[in-house]
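Enquirer: Just one file: entry.txt, with compact mmCIF, C-alpha atoms and all ligand atoms.
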```
# COMPACT_ATOMS: atom_id res chain seq x y z
CA MET A 27 -40.57 97.68 -101.37
CA GLU A 28 -39.22 98.74 -98.01
CA ARG A 29 -40.84 101.54 -96.11
CA GLN A 30 -38.68 104.54 -95.16
CA LEU A 31 -37.20 103.48 -91.85
CA ILE A 32 -37.22 106.76 -90.07
CA SER A 33 -39.70 109.40 -91.09
CA ILE A 34 -38.04 112.55 -92.34
CA ARG A 35 -40.14 114.44 -89.78
CA TRP A 36 -38.12 112.88 -87.00
CA VAL A 37 -34.87 113.92 -88.66
CA VAL A 38 -36.13 117.49 -89.09
CA ALA A 39 -37.21 117.45 -85.43
CA GLY A 40 -33.65 116.33 -84.60
CA ILE A 41 -32.29 119.30 -86.52
CA VAL A 42 -34.55 121.76 -84.73
CA VAL A 43 -33.65 120.30 -81.33
CA GLY A 44 -29.96 120.34 -82.31
CA ILE A 45 -29.98 123.99 -83.33
CA ILE A 46 -31.95 125.18 -80.30
CA GLY A 47 -29.88 123.02 -77.95
CA GLY A 48 -26.70 124.27 -79.59
CA LEU A 49 -27.69 127.90 -79.16
CA LEU A 50 -28.44 127.29 -75.49
CA LEU A 51 -25.13 125.48 -75.08
CA ASN A 52 -23.40 128.37 -76.82
CA GLN A 53 -24.95 130.81 -74.37
CA ALA A 54 -23.93 128.60 -71.48
CA GLY A 55 -20.25 128.84 -72.42
CA GLY A 56 -19.78 126.66 -75.53
CA ALA A 57 -17.08 124.03 -75.09
CA GLN A 58 -16.84 124.94 -71.40
CA ALA A 59 -20.55 124.36 -70.78
CA ARG A 60 -21.58 121.62 -68.38
CA PHE A 61 -23.14 119.22 -70.86
CA PHE A 62 -20.79 119.90 -73.74
CA GLU A 63 -18.57 116.87 -73.17
CA LEU A 64 -21.59 114.61 -73.05
CA VAL A 65 -23.04 116.02 -76.26
CA ALA A 66 -19.67 115.77 -78.02
CA LEU A 67 -19.29 112.17 -76.88
CA GLY A 68 -22.75 111.23 -78.18
CA ALA A 69 -22.04 112.95 -81.52
CA ASP A 70 -18.74 111.11 -81.83
CA LEU A 71 -20.31 107.76 -81.09
CA PHE A 72 -22.87 108.28 -83.84
CA VAL A 73 -20.31 109.28 -86.47
CA ARG A 74 -18.07 106.40 -85.50
CA LEU A 75 -20.94 103.98 -86.00
CA LEU A 76 -21.44 105.35 -89.51
CA ARG A 77 -17.74 105.29 -90.29
CA MET A 78 -17.40 101.77 -88.92
CA VAL A 79 -19.34 100.38 -91.85
CA ILE A 80 -17.71 102.39 -94.66
CA VAL A 81 -14.72 100.19 -95.52
CA PRO A 82 -16.58 96.87 -95.77
CA LEU A 83 -19.45 98.61 -97.53
CA VAL A 84 -17.28 100.27 -100.18
CA VAL A 85 -15.24 97.15 -100.89
CA ALA A 86 -18.28 94.87 -101.11
CA SER A 87 -20.27 97.43 -103.16
CA LEU A 88 -17.61 97.98 -105.77
CA VAL A 89 -16.44 94.39 -106.02
CA THR A 90 -19.99 93.04 -106.45
CA ALA A 91 -20.90 95.82 -108.90
CA ALA A 92 -17.82 95.23 -111.07
CA ALA A 93 -18.10 91.45 -110.81
CA GLY A 94 -21.78 91.39 -111.70
CA LEU A 95 -21.81 93.68 -114.73
CA ASP A 96 -21.03 92.90 -118.30
CA THR A 97 -17.60 94.47 -118.94
CA ARG A 98 -18.84 96.56 -121.91
CA TYR A 99 -21.67 97.95 -119.79
CA LEU A 100 -19.23 98.59 -116.96
CA GLY A 101 -16.92 100.50 -119.31
CA ARG A 102 -19.77 102.69 -120.52
CA LEU A 103 -21.02 103.26 -116.99
CA GLY A 104 -17.50 104.19 -115.85
CA THR A 105 -16.97 106.63 -118.70
CA VAL A 106 -20.31 108.41 -118.29
CA THR A 107 -19.81 108.53 -114.51
CA MET A 108 -16.45 110.27 -114.91
CA VAL A 109 -17.80 112.70 -117.50
CA TYR A 110 -20.74 113.59 -115.26
CA TYR A 111 -18.59 114.01 -112.14
CA LEU A 112 -15.99 116.13 -113.87
CA SER A 113 -18.39 118.35 -115.79
CA THR A 114 -20.68 119.10 -112.84
CA THR A 115 -17.68 119.86 -110.62
CA ILE A 116 -16.28 122.32 -113.19
CA LEU A 117 -19.74 123.82 -113.57
CA ALA A 118 -19.96 124.37 -109.82
CA ALA A 119 -16.53 126.01 -109.68
CA ALA A 120 -17.50 128.25 -112.61
CA LEU A 121 -20.69 129.25 -110.82
CA GLY A 122 -18.61 130.11 -107.77
CA LEU A 123 -16.38 132.33 -109.90
CA VAL A 124 -19.32 134.15 -111.46
CA ILE A 125 -20.87 134.82 -108.07
CA VAL A 126 -17.70 136.01 -106.40
CA ASN A 127 -17.05 138.39 -109.31
CA LEU A 128 -20.56 139.78 -109.02
CA VAL A 129 -20.63 140.14 -105.23
CA ASP A 130 -16.98 141.12 -104.63
CA PRO A 131 -17.17 140.03 -100.97
CA GLY A 132 -13.50 140.68 -100.24
CA VAL A 133 -13.22 144.18 -101.69
CA GLY A 134 -12.62 146.65 -98.88
CA ALA A 135 -13.33 144.02 -96.21
CA VAL A 136 -11.78 144.73 -92.82
CA LEU A 137 -10.84 141.33 -91.50
CA GLN A 138 -8.89 139.62 -88.82
CA ILE A 139 -6.47 136.97 -89.84
CA ALA A 140 -6.35 133.85 -87.69
CA GLU A 141 -3.17 131.88 -87.29
CA LEU A 142 -3.21 128.66 -89.28
CA PRO A 143 -2.96 125.30 -87.56
CA LYS A 144 0.47 123.68 -87.90
CA GLU A 145 -0.67 120.91 -90.29
CA LEU A 146 -2.07 123.51 -92.63
CA ARG A 147 0.99 125.76 -92.54
CA GLU A 148 3.33 122.91 -93.28
CA GLN A 149 1.17 121.34 -95.94
CA LYS A 150 2.80 120.96 -99.33
CA PRO A 151 0.38 120.67 -102.22
CA PRO A 152 0.73 117.31 -103.97
CA THR A 153 1.89 117.33 -107.57
CA PHE A 154 -0.21 115.75 -110.28
CA ALA A 155 2.26 112.87 -110.36
CA ASP A 156 1.73 112.36 -106.61
CA LEU A 157 -2.00 112.25 -107.10
CA LEU A 158 -1.66 109.61 -109.81
CA ARG A 159 0.82 107.59 -107.80
CA ASN A 160 -1.48 107.62 -104.78
CA LEU A 161 -4.25 106.01 -106.75
CA ILE A 162 -2.55 102.64 -106.67
CA PRO A 163 -2.03 100.90 -103.35
CA VAL A 164 1.22 99.00 -102.95
CA ASN A 165 -0.48 96.94 -100.30
CA PRO A 166 -4.28 96.76 -100.40
CA ILE A 167 -4.49 95.60 -96.78
CA ASP A 168 -2.60 98.70 -95.73
CA ALA A 169 -5.02 100.84 -97.77
CA LEU A 170 -7.92 99.17 -95.97
CA VAL A 171 -6.36 99.73 -92.58
CA ARG A 172 -5.77 103.42 -93.33
CA ALA A 173 -9.24 103.67 -94.92
CA ASP A 174 -7.62 105.34 -97.93
CA MET A 175 -10.73 105.61 -100.07
CA LEU A 176 -9.13 106.27 -103.46
CA GLN A 177 -6.79 103.32 -103.11
CA ILE A 178 -9.61 101.11 -101.86
CA ILE A 179 -11.68 102.08 -104.89
CA THR A 180 -8.88 101.25 -107.33
CA PHE A 181 -8.21 97.89 -105.78
CA SER A 182 -11.89 96.94 -105.43
CA LEU A 183 -12.61 97.80 -109.06
CA ILE A 184 -9.65 95.81 -110.34
CA ALA A 185 -10.49 92.87 -108.07
CA GLY A 186 -14.15 93.05 -109.13
CA ILE A 187 -13.26 92.92 -112.82
CA ALA A 188 -10.94 89.98 -112.18
CA LEU A 189 -13.74 88.24 -110.29
CA ASN A 190 -16.01 88.92 -113.23
CA LEU A 191 -13.62 87.21 -115.61
CA LEU A 192 -13.17 84.23 -113.28
CA GLY A 193 -16.89 83.51 -113.61
CA GLU A 194 -18.08 80.23 -112.09
CA ARG A 195 -14.66 79.42 -110.72
CA ALA A 196 -14.93 82.15 -108.06
CA GLN A 197 -18.54 81.58 -107.11
CA SER A 198 -17.85 81.33 -103.38
CA LEU A 199 -15.89 84.59 -103.28
CA ARG A 200 -18.67 86.33 -105.17
CA GLN A 201 -21.19 84.93 -102.71
CA PHE A 202 -19.00 86.04 -99.80
CA MET A 203 -18.85 89.61 -101.13
CA HIS A 204 -22.64 89.68 -101.55
CA GLU A 205 -23.02 88.57 -97.99
CA VAL A 206 -20.59 91.22 -96.71
CA LEU A 207 -22.68 93.78 -98.58
CA GLU A 208 -25.93 92.54 -97.08
CA LEU A 209 -24.41 92.48 -93.64
CA SER A 210 -23.16 96.07 -94.01
CA MET A 211 -26.60 97.21 -95.11
CA VAL A 212 -28.23 95.60 -92.08
CA ILE A 213 -25.85 97.55 -89.84
CA VAL A 214 -26.66 100.72 -91.79
CA ARG A 215 -30.33 100.10 -91.12
CA TRP A 216 -29.71 99.85 -87.41
CA VAL A 217 -27.64 103.02 -87.38
CA LEU A 218 -30.37 104.82 -89.30
CA TYR A 219 -32.75 104.32 -86.39
CA LEU A 220 -30.43 106.59 -84.44
CA LEU A 221 -30.38 109.26 -87.14
CA PRO A 222 -32.66 111.86 -85.45
CA VAL A 223 -30.68 111.66 -82.21
CA GLY A 224 -27.33 111.64 -84.02
CA VAL A 225 -28.26 114.66 -86.10
CA ALA A 226 -29.42 116.53 -82.99
CA LEU A 227 -26.20 115.80 -81.10
CA LEU A 228 -23.94 116.68 -84.03
CA LEU A 229 -25.66 120.00 -84.61
CA MET A 230 -25.70 120.78 -80.92
CA ARG A 231 -21.95 120.29 -80.83
CA THR A 232 -21.25 122.43 -83.89
CA VAL A 233 -23.65 125.25 -83.04
CA GLY A 234 -22.63 125.08 -79.39
CA GLN A 235 -19.01 125.73 -80.33
CA ALA A 236 -19.56 128.31 -83.05
CA GLY A 237 -18.22 131.77 -82.40
CA PHE A 238 -21.03 133.84 -83.87
CA GLU A 239 -19.23 137.12 -83.25
CA VAL A 240 -16.82 136.34 -86.11
CA PHE A 241 -19.66 135.99 -88.60
CA ALA A 242 -20.44 139.68 -89.11
CA PRO A 243 -17.29 140.77 -91.01
CA LEU A 244 -17.47 137.61 -93.11
CA ALA A 245 -21.21 137.86 -93.79
CA LYS A 246 -20.76 138.85 -97.42
CA TYR A 247 -18.32 136.03 -98.05
CA MET A 248 -20.64 133.54 -96.36
CA GLY A 249 -23.53 134.92 -98.37
CA ALA A 250 -21.58 134.37 -101.62
CA VAL A 251 -20.72 130.76 -100.75
CA LEU A 252 -24.19 129.91 -99.42
CA GLY A 253 -25.91 131.70 -102.31
CA GLY A 254 -23.80 129.78 -104.81
CA LEU A 255 -24.48 126.49 -103.05
CA ALA A 256 -28.21 127.26 -103.01
CA ILE A 257 -28.24 127.98 -106.75
CA HIS A 258 -26.27 124.84 -107.53
CA GLY A 259 -28.16 122.63 -105.07
CA LEU A 260 -31.68 123.91 -105.59
CA ILE A 261 -31.63 124.94 -109.26
CA VAL A 262 -28.70 123.55 -111.27
CA LEU A 263 -28.55 119.96 -109.98
CA PRO A 264 -32.34 119.39 -109.74
CA THR A 265 -32.73 120.78 -113.28
CA LEU A 266 -30.02 118.45 -114.60
CA VAL A 267 -31.66 115.52 -112.82
CA TRP A 268 -34.96 116.53 -114.38
CA LEU A 269 -33.69 117.04 -117.91
CA LEU A 270 -31.11 114.26 -118.06
CA GLY A 271 -32.49 111.87 -115.47
CA GLY A 272 -36.21 112.32 -116.02
CA MET A 273 -36.98 112.81 -112.34
CA PRO A 274 -38.98 115.86 -111.20
CA PRO A 275 -37.02 118.17 -108.85
CA TRP A 276 -39.41 117.84 -105.94
CA ARG A 277 -39.35 114.06 -106.01
CA PHE A 278 -35.55 114.09 -106.22
CA LEU A 279 -35.01 116.51 -103.36
CA ARG A 280 -37.59 114.85 -101.16
CA GLY A 281 -36.16 111.42 -101.91
CA ILE A 282 -32.64 112.28 -100.86
CA SER A 283 -33.51 114.54 -97.95
CA GLN A 284 -32.36 112.04 -95.34
CA ALA A 285 -28.92 111.72 -96.90
CA MET A 286 -28.62 115.50 -97.31
CA LEU A 287 -29.52 116.12 -93.68
CA THR A 288 -27.01 113.52 -92.57
CA ALA A 289 -24.40 115.32 -94.68
CA LEU A 290 -25.38 118.64 -93.12
CA SER A 291 -24.86 117.35 -89.63
CA THR A 292 -21.77 115.18 -90.15
CA SER A 293 -19.96 117.45 -92.68
CA SER A 294 -18.59 114.27 -94.16
CA SER A 295 -19.54 112.68 -97.49
CA ALA A 296 -17.73 109.52 -96.41
CA ALA A 297 -19.65 109.19 -93.14
CA THR A 298 -22.87 109.90 -95.05
CA LEU A 299 -22.09 107.28 -97.71
CA PRO A 300 -24.02 104.40 -96.10
CA VAL A 301 -27.11 106.61 -95.83
CA THR A 302 -26.66 107.88 -99.41
CA ILE A 303 -26.49 104.37 -100.86
CA ARG A 304 -29.55 103.32 -98.96
CA THR A 305 -31.55 106.41 -99.78
CA VAL A 306 -30.72 106.41 -103.48
CA GLU A 307 -31.67 102.75 -103.75
CA GLN A 308 -34.80 102.85 -101.64
CA GLU A 309 -36.19 106.29 -102.30
CA LEU A 310 -34.98 107.18 -105.78
CA LYS A 311 -35.30 103.59 -106.99
CA VAL A 312 -31.94 103.59 -108.73
CA PRO A 313 -30.87 99.99 -109.52
CA SER A 314 -28.51 98.72 -106.87
CA TYR A 315 -25.73 97.81 -109.34
CA ILE A 316 -25.54 101.46 -110.44
CA CYS A 317 -25.68 102.80 -106.87
CA ARG A 318 -23.04 100.39 -105.68
CA PHE A 319 -20.74 101.50 -108.45
CA CYS A 320 -21.14 105.25 -108.63
CA ILE A 321 -22.01 106.36 -105.09
CA PRO A 322 -18.81 105.14 -103.36
CA ILE A 323 -16.72 106.70 -106.14
CA GLY A 324 -18.81 109.88 -106.02
CA ALA A 325 -18.46 110.24 -102.25
CA THR A 326 -14.71 110.21 -102.71
CA VAL A 327 -14.13 112.26 -105.87
CA ASN A 328 -17.30 114.13 -106.80
CA MET A 329 -17.55 117.32 -104.74
CA ASP A 330 -19.47 120.11 -106.43
CA GLY A 331 -20.01 122.04 -103.21
CA THR A 332 -16.32 121.94 -102.35
CA ALA A 333 -15.28 123.11 -105.84
CA LEU A 334 -17.68 126.05 -105.66
CA TYR A 335 -16.47 126.99 -102.21
CA GLU A 336 -12.78 126.74 -103.19
CA ALA A 337 -13.32 129.07 -106.15
CA VAL A 338 -15.21 131.65 -104.07
CA ALA A 339 -12.74 131.44 -101.20
CA ALA A 340 -9.66 131.83 -103.41
CA LEU A 341 -11.03 134.95 -105.09
CA PHE A 342 -12.25 136.32 -101.78
CA ILE A 343 -8.74 135.98 -100.36
CA ALA A 344 -7.29 137.69 -103.45
CA GLN A 345 -9.78 140.55 -103.11
CA ALA A 346 -9.06 140.94 -99.40
CA TYR A 347 -5.34 141.23 -100.16
CA GLY A 348 -6.12 143.74 -102.90
CA ILE A 349 -4.81 141.40 -105.61
CA GLN A 350 -6.61 141.54 -108.93
CA LEU A 351 -6.75 138.15 -110.64
CA GLU A 352 -6.78 138.35 -114.44
CA PHE A 353 -9.20 136.30 -116.52
CA THR A 354 -6.54 133.69 -117.34
CA GLN A 355 -5.65 133.38 -113.66
CA GLN A 356 -9.31 132.83 -112.89
CA ILE A 357 -9.33 130.01 -115.42
CA VAL A 358 -6.40 128.51 -113.52
CA VAL A 359 -8.50 128.83 -110.33
CA LEU A 360 -11.38 127.09 -112.11
CA PHE A 361 -9.29 124.04 -112.89
CA THR A 362 -7.30 123.90 -109.67
CA ALA A 363 -10.49 124.29 -107.61
CA THR A 364 -11.89 121.31 -109.52
CA LEU A 365 -8.72 119.33 -108.86
CA ALA A 366 -8.67 120.38 -105.21
CA ALA A 367 -12.27 119.23 -104.82
CA ILE A 368 -11.52 115.87 -106.43
CA GLY A 369 -8.48 115.48 -104.19
CA ALA A 370 -10.33 116.41 -100.99
CA ALA A 371 -11.26 113.47 -98.79
CA GLY A 372 -14.89 113.15 -97.74
CA ILE A 373 -14.19 114.27 -94.19
CA PRO A 374 -14.82 117.51 -92.30
CA SER A 375 -12.66 120.48 -93.39
CA ALA A 376 -10.83 118.49 -96.08
CA GLY A 377 -11.52 121.27 -98.58
CA LEU A 378 -9.73 123.77 -96.39
CA PHE A 379 -6.55 121.73 -96.72
CA THR A 380 -6.68 121.22 -100.46
CA MET A 381 -7.29 124.95 -100.82
CA VAL A 382 -3.52 125.32 -100.67
CA ILE A 383 -3.36 123.90 -104.22
CA VAL A 384 -5.64 126.64 -105.53
CA LEU A 385 -3.90 129.50 -103.72
CA GLN A 386 -0.42 128.42 -104.78
CA SER A 387 -1.42 127.99 -108.41
CA VAL A 388 -2.06 131.72 -108.72
CA GLY A 389 0.55 132.91 -106.24
CA LEU A 390 -1.80 133.87 -103.40
CA PRO A 391 -0.48 133.69 -99.82
CA ILE A 392 -1.41 130.52 -97.96
CA GLU A 393 -1.83 132.59 -94.79
CA GLY A 394 -4.94 133.97 -96.48
CA ILE A 395 -6.75 130.84 -95.37
CA GLY A 396 -6.59 132.41 -91.90
CA LEU A 397 -9.18 134.94 -93.08
CA ILE A 398 -11.86 132.33 -93.64
CA LEU A 399 -10.94 129.78 -90.98
CA ALA A 400 -13.46 131.02 -88.44
CA VAL A 401 -16.53 130.28 -90.55
CA ASP A 402 -15.27 127.22 -92.35
CA ARG A 403 -16.96 124.70 -90.09
CA ILE A 404 -20.38 126.17 -90.82
CA LEU A 405 -19.81 126.42 -94.57
CA ASP A 406 -18.51 122.86 -94.57
CA MET A 407 -21.94 121.62 -93.50
CA PHE A 408 -23.63 123.14 -96.52
CA ARG A 409 -21.00 122.28 -99.10
CA THR A 410 -21.02 118.66 -97.93
CA MET A 411 -24.78 118.63 -98.44
CA VAL A 412 -24.32 119.70 -102.07
CA ASN A 413 -21.49 117.18 -102.51
CA VAL A 414 -23.81 114.36 -101.49
CA GLU A 415 -26.66 115.72 -103.60
CA GLY A 416 -24.35 115.66 -106.63
CA ASP A 417 -23.61 111.97 -106.07
CA ALA A 418 -27.28 111.08 -105.75
CA GLY A 419 -28.20 113.16 -108.82
CA GLY A 420 -25.45 111.40 -110.74
CA ALA A 421 -26.94 108.01 -109.94
CA VAL A 422 -30.33 109.06 -111.34
CA ILE A 423 -28.84 110.63 -114.47
CA LEU A 424 -26.56 107.66 -115.14
CA THR A 425 -29.47 105.25 -114.89
CA ASN A 426 -31.26 107.24 -117.55
CA ILE A 427 -28.30 107.80 -119.86
CA VAL A 428 -26.51 104.45 -119.64
CA GLY A 429 -29.73 102.50 -119.27
CA ARG A 430 -30.48 99.48 -117.15
CA LYS A 431 -28.40 96.38 -117.77
N1 LIG B 501 -16.49 117.97 -95.81
C1 LIG B 501 -16.57 117.80 -97.23
C2 LIG B 501 -17.10 116.44 -97.58
O1 LIG B 501 -16.96 115.53 -96.82
C3 LIG B 501 -15.25 118.05 -97.91
C4 LIG B 501 -14.85 119.49 -97.71
O2 LIG B 501 -14.24 119.81 -96.71
O3 LIG B 501 -15.19 120.31 -98.57
O4 LIG B 501 -17.69 116.26 -98.61
```
Could you quickly redo this structure as C-alpha cells?
Ligand code: ASP

Expert:
Amino acid sequence: MERQLISIRWVVAGIVVGIIGGLLLNQAGGAQARFFELVALGADLFVRLLRMVIVPLVVASLVTAAAGLDTRYLGRLGTVTMVYYLSTTILAAALGLVIVNLVDPGVGAVLQIAELPKELREQKPPTFADLLRNLIPVNPIDALVRADMLQIITFSLIAGIALNLLGERAQSLRQFMHEVLELSMVIVRWVLYLLPVGVALLLMRTVGQAGFEVFAPLAKYMGAVLGGLAIHGLIVLPTLVWLLGGMPPWRFLRGISQAMLTALSTSSSAATLPVTIRTVEQELKVPSYICRFCIPIGATVNMDGTALYEAVAALFIAQAYGIQLEFTQQIVVLFTATLAAIGAAGIPSAGLFTMVIVLQSVGLPIEGIGLILAVDRILDMFRTMVNVEGDAGGAVILTNIVGRK
C-alpha cells in the first residue's frame, strides 16, 4: 500500500496561503497588482501540467479497463454507472429547484445586468441530435488532438472492447496500453508533489481578481447555490455512499479530500481527473479496473454540482425578471438542467455556457445570464468540488453494487 504522497495538511496550508495572498493581492489592485502576472503564470503552469496528462490517461484507462473485463461484467458495470450518474444528477437538480423555491432569491432583487461575452451571446444550444452525433468521432486522432473528451471516451471504449475480443492476438497492444497508463500515473505522482503550491497559486489568482463589491446584491442567490451544494455534498452524497457503498461518510470525505481541494482550486473536473483517479484508488481502495472505467466517464458527464447550480440559476433569473414558472415548466428545467450538466465540459465556466439550453427551454432571456456572471467564477469552484465528489462516490457505490470481478 502506498502512503499518501502529500499530507492533506500541506494542501490545506496551501489553501489558507492562497486565500490570504489573494485578499492581499486584491487590495493591492487585483489584476493590476505587481505580482499578479507572476501568480497567474505559476497557476497556469500547474494546471497545464495536470491537463498534459489527461488525454493519455483517459485513453489508457478506458482501453485497459474495457480490454481487461469480462464483457458481461463490463455491460453490467456500464449500465449501473449510467443509472447512478443520471439519477444523482437529476436528484441534485431537483434539490436545487426545491431550495430556490423556498428561498426565492430573485424575488424583488435589485440587480445590475452585465453584458455577456460575445461567445455566450452567439451561442446556439445544440439539439439532442447534435449531442448524439458529437458522441462519435469521425477521426479519432482529431478527437485526441482537440481533447474532445466525449469522443475520446466513445472511441476508447469501442477500441477496448475490440482489444478484449482479440485476446492473445493483441497482447503487445494491451501491454503497451498498460505501460502508457503506468507512465501517466508516474507523471501524476510528480505533479501531486506540487499540489500545495499549485492550489495556493490558483486560489491567489481567483481571489485576487474577484470583485467582492458585486457579491452583496447576489448574496441570497449565492447562499441558495452554496446551501444546495452543501446539502448535496455533505449530506446526500455521503449518505448514498454509506447506504449503497458501505463506506462511512467521514472516511469517504477524508479519503477524497485531496481531489476535492484540487477541484476547488482548478474549477475543472477534467484537470482534477488524474488526482481523482489516484485518490479513489489509493485512499478509497476502489479496484483500479472500476476506477479506470467510471472516473474518466464521470469527470466528463457526471456533474451533480453543475445540475444543481443550473436549476437554481434558471429560476433565479426567472424570479428577477418577474416571470413565474409553472410546475410543468419547472419539470422542464429539471430535465434540461440535467442535460446541460451532462453536456458541460469539465472545464471552468462550462456550466455557464450550457445554461443557454435551460433558459431557452422555458423561454427565459439569455441576457439573464448577465445577472449572475459576476459571481460565477466563485460558484464554479464549489460546484466543481461536488462534481468530483459525485464521481468518487459513484466508484465506491458501483464497487459495492456490481461487485468485484
Ligand atoms: N467547472 C465545472 C467542472 O469542471 C463545470 C461547470 O462549469 O459547471 O466540473

Enquirer: Between A:Glu336, A:Val225, A:Val164, A:Ala400, single out the one closest to Phe181 in chain A, counting all atoms listed in the file.

Expert: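 Smallest separation from Phe181 in chain A among the options: A:Val164.
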
Enquirer: Which of these residues is nearest to Leu365 in chain A, using only C-alpha atoms: A:Val106, A:Met230, A:Ile116, A:Met273?

Expert: A:Ile116

Enquirer: Residues contacting ligand LIG 501 (chain B) - anything with an atom at most 10 Å away, using all atoms listed in the file - can you give me those as JSON, numbers by chain?

Expert: {"A": [289, 290, 292, 293, 294, 295, 296, 297, 298, 299, 324, 325, 326, 327, 328, 329, 330, 331, 332, 333, 334, 335, 336, 366, 367, 368, 369, 370, 371, 372, 373, 374, 375, 376, 377, 378, 379, 380, 381, 402, 403, 405, 406, 407, 408, 409, 410, 411, 412, 413, 414]}

Enquirer: Show me the residues close to (-10.2, 135.6, -90.2) - anything with an atom within 7 Å, counting only C-alpha atoms - and format the list as a list in words.

Expert: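 Counting only C-alpha atoms, I find these residues within 7 Å of (-10.2, 135.6, -90.2): Leu137, Gln138, Ile139, Ala140, Gly396, Leu397, Ile398, Leu399 and Ala400 of chain A.
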
Enquirer: Using all atoms listed in the file, collect all residues at a distance of at most 6 Å from (-16.6, 133.0, -93.7) as written in the file, then present them as number ranges by chain.

Expert: A: 244, 247-248, 398, 401

Enquirer: Could you tell me which of A:Leu228, A:Ala185, A:Ala119, A:Leu220 comes closest to Gly94 in chain A if we count only C-alpha atoms?

Expert: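 Among the listed residues, the smallest separation from Gly94 in chain A belongs to A:Ala185.
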
Enquirer: For each of A:Pro275, A:Gly134, A:Pro300, A:Pro163, take the minimum atom-to-atom distance to Val212 in chain A, counting all atoms listed in the file, then give the residue where this is smallest.

Expert: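 Nearest candidate to Val212 in chain A out of A:Pro275, A:Gly134, A:Pro300, A:Pro163: A:Pro300.
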
Enquirer: Considering all atoms listed in the file, can you say which of A:Leu385, A:Gly132, A:Pro166, A:Phe342 comes closest to Val358 in chain A?

Expert: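 Checking each candidate against Val358 in chain A, we get A:Leu385 as the closest.
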
Enquirer: Considering all atoms listed in the file, state which residue in the set A:Leu100, A:Ala188, A:Ile46, A:Leu142 is at the smallest distance from Ile395 in chain A.

Expert: A:Leu142

Enquirer: Do you have the CA of Met78 in chain A-CA of Ala173 in chain A distance handy?

Expert: 10.3 Å

Enquirer: Skipping near chain neighbours, those fewer than 6 positions away, what residues fall within 8 Å of Leu161 in chain A using only C-alpha atoms, listed as a PyMOL selection string?

Expert: chain A and resi 176-177+180

Enquirer: Excluding range 128-130 of chain A and its own-chain neighbours fewer than 4 positions away, which residues fall within 10 Å of it when counting only C-alpha atoms? Please give them as a short mmCIF file (atom, residue, chain, number, x, y, z; two decimals) with C-alpha atoms, in the coordinates of the input.

Expert:
```cif
data_model
loop_
_atom_site.label_atom_id
_atom_site.label_comp_id
_atom_site.auth_asym_id
_atom_site.auth_seq_id
_atom_site.Cartn_x
_atom_site.Cartn_y
_atom_site.Cartn_z
CA GLY A 122 -18.61 130.11 -107.77
CA LEU A 123 -16.38 132.33 -109.90
CA VAL A 124 -19.32 134.15 -111.46
CA GLY A 134 -12.62 146.65 -98.88
CA ALA A 135 -13.33 144.02 -96.21
CA LYS A 246 -20.76 138.85 -97.42
CA TYR A 247 -18.32 136.03 -98.05
CA GLY A 249 -23.53 134.92 -98.37
CA ALA A 250 -21.58 134.37 -101.62
CA VAL A 338 -15.21 131.65 -104.07
CA LEU A 341 -11.03 134.95 -105.09
CA PHE A 342 -12.25 136.32 -101.78
CA GLN A 345 -9.78 140.55 -103.11
CA ALA A 346 -9.06 140.94 -99.40
#
```

Enquirer: Using the incomplete input, complete range 367-376 of chain A to the level of N, CA, C and O atoms; output as a PDB file, in the frame of the given file.

Expert:
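Below is the file rebuild.pdb, written as the result:
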```pdb
ATOM      1  N   ALA A 367     -11.047 119.866-105.304  1.00  0.00           N
ATOM      2  CA  ALA A 367     -12.270 119.230-104.820  1.00  0.00           C
ATOM      3  C   ALA A 367     -12.190 117.715-105.019  1.00  0.00           C
ATOM      4  O   ALA A 367     -12.571 116.936-104.149  1.00  0.00           O
ATOM      5  N   ILE A 368     -11.648 117.311-106.171  1.00  0.00           N
ATOM      6  CA  ILE A 368     -11.520 115.870-106.430  1.00  0.00           C
ATOM      7  C   ILE A 368     -10.560 115.248-105.407  1.00  0.00           C
ATOM      8  O   ILE A 368     -10.781 114.167-104.880  1.00  0.00           O
ATOM      9  N   GLY A 369      -9.498 116.004-105.108  1.00  0.00           N
ATOM     10  CA  GLY A 369      -8.480 115.480-104.190  1.00  0.00           C
ATOM     11  C   GLY A 369      -8.900 115.520-102.736  1.00  0.00           C
ATOM     12  O   GLY A 369      -8.299 114.852-101.902  1.00  0.00           O
ATOM     13  N   ALA A 370      -9.942 116.298-102.403  1.00  0.00           N
ATOM     14  CA  ALA A 370     -10.330 116.410-100.990  1.00  0.00           C
ATOM     15  C   ALA A 370     -10.989 115.109-100.531  1.00  0.00           C
ATOM     16  O   ALA A 370     -11.786 114.524-101.253  1.00  0.00           O
ATOM     17  N   ALA A 371     -10.633 114.678 -99.336  1.00  0.00           N
ATOM     18  CA  ALA A 371     -11.260 113.470 -98.790  1.00  0.00           C
ATOM     19  C   ALA A 371     -12.671 113.847 -98.327  1.00  0.00           C
ATOM     20  O   ALA A 371     -12.955 115.019 -98.103  1.00  0.00           O
ATOM     21  N   GLY A 372     -13.519 112.851 -98.158  1.00  0.00           N
ATOM     22  CA  GLY A 372     -14.890 113.150 -97.740  1.00  0.00           C
ATOM     23  C   GLY A 372     -15.028 113.287 -96.238  1.00  0.00           C
ATOM     24  O   GLY A 372     -15.890 112.681 -95.618  1.00  0.00           O
ATOM     25  N   ILE A 373     -14.156 114.100 -95.648  1.00  0.00           N
ATOM     26  CA  ILE A 373     -14.190 114.270 -94.190  1.00  0.00           C
ATOM     27  C   ILE A 373     -14.280 115.760 -93.861  1.00  0.00           C
ATOM     28  O   ILE A 373     -13.983 116.594 -94.720  1.00  0.00           O
ATOM     29  N   PRO A 374     -14.665 116.102 -92.624  1.00  0.00           N
ATOM     30  CA  PRO A 374     -14.820 117.510 -92.300  1.00  0.00           C
ATOM     31  C   PRO A 374     -13.555 118.333 -92.565  1.00  0.00           C
ATOM     32  O   PRO A 374     -12.443 117.873 -92.284  1.00  0.00           O
ATOM     33  N   SER A 375     -13.744 119.511 -93.128  1.00  0.00           N
ATOM     34  CA  SER A 375     -12.660 120.480 -93.390  1.00  0.00           C
ATOM     35  C   SER A 375     -11.621 120.038 -94.402  1.00  0.00           C
ATOM     36  O   SER A 375     -10.600 120.704 -94.544  1.00  0.00           O
ATOM     37  N   ALA A 376     -11.847 118.948 -95.109  1.00  0.00           N
ATOM     38  CA  ALA A 376     -10.830 118.490 -96.080  1.00  0.00           C
ATOM     39  C   ALA A 376     -10.587 119.563 -97.137  1.00  0.00           C
ATOM     40  O   ALA A 376      -9.454 119.773 -97.578  1.00  0.00           O
TER      41      ALA A 376
END
```
